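What follows is the content of query.cif (mmCIF, C-alpha atoms).
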data_data
#
loop_
_atom_site.label_atom_id
_atom_site.label_comp_id
_atom_site.auth_asym_id
_atom_site.auth_seq_id
_atom_site.Cartn_x
_atom_site.Cartn_y
_atom_site.Cartn_z
CA MET A 1 81.37 117.98 89.81
CA ILE A 2 81.59 114.59 88.16
CA ARG A 3 82.67 111.48 90.09
CA SER A 4 84.92 109.66 87.66
CA PHE A 5 87.61 107.07 87.00
CA VAL A 6 89.79 105.68 84.20
CA ALA A 7 89.51 101.95 83.47
CA LEU A 8 90.30 99.21 80.99
CA ALA A 9 87.26 97.78 79.25
CA LEU A 10 87.08 93.97 79.49
CA SER A 11 86.70 91.61 76.55
CA THR A 12 83.38 89.83 76.01
CA GLU A 13 85.06 86.51 76.83
CA MET A 14 86.48 87.84 80.10
CA THR A 15 83.10 89.28 81.07
CA SER A 16 81.44 85.92 80.38
CA ALA A 17 84.02 84.09 82.51
CA LEU A 18 83.38 86.52 85.39
CA GLU A 19 79.61 86.09 85.06
CA THR A 20 80.09 82.32 85.29
CA LEU A 21 82.27 82.81 88.36
CA GLN A 22 79.52 84.92 89.97
CA ALA A 23 76.82 82.31 89.23
CA ASP A 24 76.94 80.73 92.71
CA LEU A 25 77.98 83.89 94.59
CA THR A 26 75.10 84.72 96.94
CA ILE A 27 76.84 87.22 99.21
CA GLY A 28 76.65 91.00 98.93
CA ASN A 29 75.56 93.18 96.05
CA LEU A 30 76.78 91.60 92.83
CA VAL A 31 78.33 93.90 90.26
CA ALA A 32 76.38 93.72 87.00
CA ALA A 33 78.37 92.35 84.07
CA GLU A 34 78.05 95.63 82.18
CA ASN A 35 79.87 97.32 85.08
CA PHE A 36 82.91 95.01 85.10
CA HIS A 37 86.14 96.95 84.51
CA LEU A 38 89.77 97.14 85.59
CA THR A 39 90.32 100.51 87.28
CA LEU A 40 93.55 102.28 86.34
CA ALA A 41 92.84 105.43 88.35
CA PHE A 42 90.02 106.69 90.55
CA LEU A 43 89.63 110.44 90.08
CA GLY A 44 86.97 111.35 92.63
CA ASP A 45 84.87 114.45 91.93
CA GLN A 46 86.26 116.59 89.12
CA SER A 47 85.00 119.64 87.23
CA ARG A 48 84.02 119.36 83.58
CA PRO A 49 86.93 121.61 82.41
CA VAL A 50 89.48 119.41 84.24
CA LEU A 51 87.95 116.27 82.70
CA GLU A 52 88.07 117.90 79.25
CA ASP A 53 91.80 118.57 79.74
CA LEU A 54 92.28 115.01 80.95
CA HIS A 55 90.43 113.71 77.90
CA LEU A 56 92.99 115.41 75.62
CA ALA A 57 95.88 113.98 77.66
CA LEU A 58 94.40 110.46 77.60
CA GLU A 59 93.85 110.66 73.83
CA ALA A 60 97.60 111.15 73.39
CA ILE A 61 98.55 107.91 75.19
CA MET A 62 100.15 105.40 72.83
CA VAL A 63 100.27 101.82 74.10
CA GLU A 64 99.83 98.49 72.33
CA PRO A 65 96.79 96.31 73.21
CA ILE A 66 97.45 94.44 76.46
CA ASP A 67 97.18 90.74 77.30
CA VAL A 68 95.39 90.51 80.65
CA ALA A 69 94.87 87.34 82.66
CA LEU A 70 92.74 86.72 85.73
CA SER A 71 94.17 84.51 88.46
CA GLY A 72 92.55 83.91 91.82
CA ILE A 73 90.00 85.49 94.12
CA GLY A 74 90.62 88.26 96.62
CA LEU A 75 88.93 90.31 99.31
CA PHE A 76 89.52 93.93 100.28
CA GLY A 77 88.76 95.08 103.81
CA GLY A 78 90.75 92.74 106.01
CA ARG A 79 88.78 91.04 108.79
CA GLU A 80 85.61 92.82 107.67
CA PRO A 81 85.72 92.38 103.89
CA ARG A 82 84.07 95.09 101.80
CA THR A 83 84.53 93.64 98.31
CA ILE A 84 85.09 90.33 96.56
CA HIS A 85 87.19 90.51 93.40
CA ALA A 86 88.94 88.52 90.72
CA LYS A 87 92.66 89.17 90.82
CA VAL A 88 94.40 90.41 87.68
CA GLN A 89 97.92 89.15 87.01
CA ARG A 90 100.45 91.96 87.10
CA SER A 91 102.36 92.59 83.89
CA GLU A 92 104.79 95.17 82.58
CA PRO A 93 102.43 96.35 79.78
CA LEU A 94 99.61 96.89 82.32
CA LYS A 95 101.96 98.80 84.63
CA ARG A 96 103.19 100.91 81.71
CA LEU A 97 99.62 101.89 80.76
CA ARG A 98 98.73 102.69 84.37
CA ASP A 99 101.87 104.83 84.72
CA LYS A 100 101.00 106.78 81.55
CA VAL A 101 97.44 107.33 82.78
CA HIS A 102 98.77 108.60 86.12
CA ARG A 103 101.18 111.00 84.38
CA ALA A 104 98.26 112.37 82.34
CA ILE A 105 96.22 112.81 85.52
CA GLN A 106 99.04 114.69 87.24
CA GLU A 107 99.64 116.88 84.17
CA VAL A 108 96.09 118.25 84.39
CA GLY A 109 96.37 118.88 88.14
CA ILE A 110 94.39 115.96 89.55
CA LYS A 111 95.88 114.55 92.73
CA SER A 112 96.98 111.00 92.03
CA ASP A 113 95.87 108.12 94.26
CA SER A 114 98.98 107.10 96.18
CA ARG A 115 97.76 103.62 97.15
CA ARG A 116 99.61 100.64 95.75
CA PHE A 117 98.08 99.30 92.53
CA HIS A 118 96.21 96.01 93.06
CA PRO A 119 94.74 95.20 89.64
CA HIS A 120 91.36 93.52 90.07
CA VAL A 121 87.78 93.28 88.85
CA THR A 122 85.16 93.75 91.58
CA LEU A 123 82.53 91.00 91.69
CA SER A 124 80.48 91.95 94.75
CA ARG A 125 80.28 94.72 97.35
CA LEU A 126 79.67 93.67 100.93
CA ALA A 127 77.98 95.22 103.92
CA THR A 128 78.70 93.98 107.44
CA LEU A 129 78.51 90.19 107.25
CA GLU A 130 76.70 87.96 109.71
CA PHE A 131 78.46 84.81 110.94
CA GLU A 132 76.64 82.53 108.45
CA GLU A 133 77.51 84.87 105.57
CA LYS A 134 81.17 84.79 106.59
CA LEU A 135 81.06 81.00 106.48
CA ARG A 136 79.44 81.06 103.01
CA LEU A 137 82.06 83.57 101.85
CA GLU A 138 84.88 81.35 103.14
CA ALA A 139 83.40 78.33 101.37
CA TRP A 140 82.91 80.27 98.11
CA THR A 141 86.44 81.69 98.08
CA ALA A 142 87.88 78.22 98.85
CA ARG A 143 85.82 76.70 96.01
CA HIS A 144 87.03 79.31 93.52
CA ALA A 145 90.58 79.93 94.78
CA GLY A 146 92.01 78.37 91.62
CA PHE A 147 89.97 80.56 89.27
CA ALA A 148 91.94 81.57 86.20
CA PHE A 149 91.08 83.02 82.82
CA GLY A 150 93.09 84.32 79.93
CA PRO A 151 95.06 85.96 78.80
CA SER A 152 92.61 88.05 76.86
CA VAL A 153 93.62 90.97 74.66
CA LEU A 154 92.21 94.29 75.92
CA SER A 155 92.27 96.97 73.27
CA SER A 156 90.67 100.03 74.85
CA PHE A 157 90.33 102.00 78.04
CA GLY A 158 87.91 104.73 78.96
CA LEU A 159 87.02 107.70 81.09
CA TYR A 160 83.92 106.86 83.13
CA ARG A 161 81.35 108.73 85.19
CA SER A 162 80.22 107.01 88.39
CA THR A 163 76.78 107.91 89.69
CA LEU A 164 76.04 106.59 93.17
CA THR A 165 72.53 105.23 93.74
CA LYS A 166 70.86 103.17 96.49
CA GLY A 167 71.04 100.16 94.15
CA GLY A 168 74.77 100.62 93.63
CA PRO A 169 76.87 102.77 91.31
CA ILE A 170 75.97 103.30 87.67
CA TYR A 171 78.89 103.70 85.26
CA ASP A 172 78.71 105.64 82.01
CA GLN A 173 81.62 105.76 79.59
CA MET A 174 82.29 109.40 78.71
CA ALA A 175 85.19 108.70 76.33
CA LYS A 176 86.89 105.65 74.81
CA TYR A 177 90.58 105.39 73.90
CA SER A 178 91.95 102.69 71.62
CA LEU A 179 95.19 100.99 72.49
CA ARG A 180 97.29 101.09 69.31
#

Before anything else, please render the file you have as structure tokens.
Amino acid sequence: MIRSFVALALSTEMTSALETLQADLTIGNLVAAENFHLTLAFLGDQSRPVLEDLHLALEAIMVEPIDVALSGIGLFGGREPRTIHAKVQRSEPLKRLRDKVHRAIQEVGIKSDSRRFHPHVTLSRLATLEFEEKLRLEAWTARHAGFAFGPSVLSSFGLYRSTLTKGGPIYDQMAKYSLR
């Protein structure tokens, strides 16, 4: 079984802006710049034959390159945040691509994630925070609340393998699909 997901690859400029944003972030386990991505669908553990079928379905997707902009900082996890992320502005072209990816996933028999789509790029993963860390997190998010970048043209998405390690997940692109 292969733990996998489908994601948009970020532009070099967007990655650089996110690295700069992370520069004074001292809370949690920072996501390495080479692991920045915008998840379109998390697939969980899938067999190789299912992923090969999905690959063919993803290859058939026809969508123009997408303008993507980052706007703001967010936290997932409520009162006990688990991740810090840069928010991605919603757009009709991004929604259209995500919808096509989800149709492809369903066509090959993968159960689609039913959670509402919150486009984002994860910056740091958090464990349980001590009081001082919560204060530092509050100060950091307040300092960077107005963060914005883009739009930047994203011209490809990919099928990725996610290998969990003690040092955090390692992502390997198994296939790349051009937006055209």

Carefully work through the PyMOL selection byres ((chain A and resi 163) around 12) for this structure and note down the residues it includes, as JSON, numbers by chain. {"A": [1, 2, 3, 4, 5, 35, 44, 45, 160, 161, 162, 164, 165, 166, 167, 168, 169, 170, 171, 172, 173]}

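Within 8 Å of stretch 9-26 of chain A, once all atoms listed in the file are used and residues closer than 2 positions along the same chain are dropped, the contacting residues are Ala7, Gly28, Leu30, Ala33, Phe36, His37, Leu38, Ala86, Leu123, Trp140, His144, Phe149, Gly150, Ser152, Val153, Leu154, Ser155, Ser156, Phe157 and Gly158 of chain A.
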
Could you save the residues just selected, with C-alpha atoms, as a PDB file, keeping the file's coordinate frame?
ATOM      1  CA  ALA A   7      89.510 101.950  83.470  1.00  0.00           C
ATOM      2  CA  GLY A  28      76.650  91.000  98.930  1.00  0.00           C
ATOM      3  CA  LEU A  30      76.780  91.600  92.830  1.00  0.00           C
ATOM      4  CA  ALA A  33      78.370  92.350  84.070  1.00  0.00           C
ATOM      5  CA  PHE A  36      82.910  95.010  85.100  1.00  0.00           C
ATOM      6  CA  HIS A  37      86.140  96.950  84.510  1.00  0.00           C
ATOM      7  CA  LEU A  38      89.770  97.140  85.590  1.00  0.00           C
ATOM      8  CA  ALA A  86      88.940  88.520  90.720  1.00  0.00           C
ATOM      9  CA  LEU A 123      82.530  91.000  91.690  1.00  0.00           C
ATOM     10  CA  TRP A 140      82.910  80.270  98.110  1.00  0.00           C
ATOM     11  CA  HIS A 144      87.030  79.310  93.520  1.00  0.00           C
ATOM     12  CA  PHE A 149      91.080  83.020  82.820  1.00  0.00           C
ATOM     13  CA  GLY A 150      93.090  84.320  79.930  1.00  0.00           C
ATOM     14  CA  SER A 152      92.610  88.050  76.860  1.00  0.00           C
ATOM     15  CA  VAL A 153      93.620  90.970  74.660  1.00  0.00           C
ATOM     16  CA  LEU A 154      92.210  94.290  75.920  1.00  0.00           C
ATOM     17  CA  SER A 155      92.270  96.970  73.270  1.00  0.00           C
ATOM     18  CA  SER A 156      90.670 100.030  74.850  1.00  0.00           C
ATOM     19  CA  PHE A 157      90.330 102.000  78.040  1.00  0.00           C
ATOM     20  CA  GLY A 158      87.910 104.730  78.960  1.00  0.00           C
TER      21      GLY A 158
END

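Every protein or nucleic acid residue with an atom no more than 10 Å from A:Ala127, counting all atoms listed in the file and leaving out same-chain residues fewer than 3 positions away, appears here: A:Ile27, A:Gly28, A:Asn29, A:Glu80, A:Pro81, A:Arg82, A:Thr83, A:Glu130.
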
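Selection result for the displayed file, with the PyMOL selection byres ((chain A and resi 147) around 8) as criterion, is A:Leu70, A:Ser71, A:Gly72, A:Ile73, A:His144, A:Ala145, A:Gly146, A:Ala148, A:Phe149.
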
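Computed from the coordinates, the atom CA of A:Glu59 to atom CA of A:Tyr177 distance equals 6.2 Å.
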
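Coordinates place atom CA of A:Leu51 at a distance of 26.9 Å from atom CA of A:Val68.
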
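The space between atom CA of A:Pro119 and atom CA of A:Gln106 spans 20.1 Å.
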
With a distance cut-off of 10 Å and only C-alpha atoms, select the neighbouring residues of A:Val108, excluding the residue or stretch itself and same-chain residues fewer than 3 positions from it, and output the selection as a list in words. Pro49, Val50, Leu51, Glu52, Asp53, Leu54, His55, Leu56, Ala57, Arg103, Ala104, Ile105 and Lys111 of chain A

Take every atom of stretch 4-10 of chain A listed in the file, pad by 6 Å on each side, and give me the axis-aligned box centre and edge lengths in Å, one decimal, as AutoDock Vina command-line options.
--center_x 87.6 --center_y 101.8 --center_z 83.5 --size_x 17.4 --size_y 27.7 --size_z 20.4

Residues matched by the PyMOL selection byres ((chain A and resi 63) around 10), written as a PyMOL selection string: chain A and resi 60-62+64-66+93-94+96-97+100+155-156+178-180

Print the selection's residues with C-alpha atoms to a file, as a PDB file, keeping the file's coordinate frame.
ATOM      1  CA  ALA A  60      97.600 111.150  73.390  1.00  0.00           C
ATOM      2  CA  ILE A  61      98.550 107.910  75.190  1.00  0.00           C
ATOM      3  CA  MET A  62     100.150 105.400  72.830  1.00  0.00           C
ATOM      4  CA  GLU A  64      99.830  98.490  72.330  1.00  0.00           C
ATOM      5  CA  PRO A  65      96.790  96.310  73.210  1.00  0.00           C
ATOM      6  CA  ILE A  66      97.450  94.440  76.460  1.00  0.00           C
ATOM      7  CA  PRO A  93     102.430  96.350  79.780  1.00  0.00           C
ATOM      8  CA  LEU A  94      99.610  96.890  82.320  1.00  0.00           C
ATOM      9  CA  ARG A  96     103.190 100.910  81.710  1.00  0.00           C
ATOM     10  CA  LEU A  97      99.620 101.890  80.760  1.00  0.00           C
ATOM     11  CA  LYS A 100     101.000 106.780  81.550  1.00  0.00           C
ATOM     12  CA  SER A 155      92.270  96.970  73.270  1.00  0.00           C
ATOM     13  CA  SER A 156      90.670 100.030  74.850  1.00  0.00           C
ATOM     14  CA  SER A 178      91.950 102.690  71.620  1.00  0.00           C
ATOM     15  CA  LEU A 179      95.190 100.990  72.490  1.00  0.00           C
ATOM     16  CA  ARG A 180      97.290 101.090  69.310  1.00  0.00           C
TER      17      ARG A 180
END

Residue nearest A:Leu43 - candidates A:Arg136, A:Leu159, A:Phe117, A:Ala142, atoms counted: only C-alpha atoms: A:Leu159
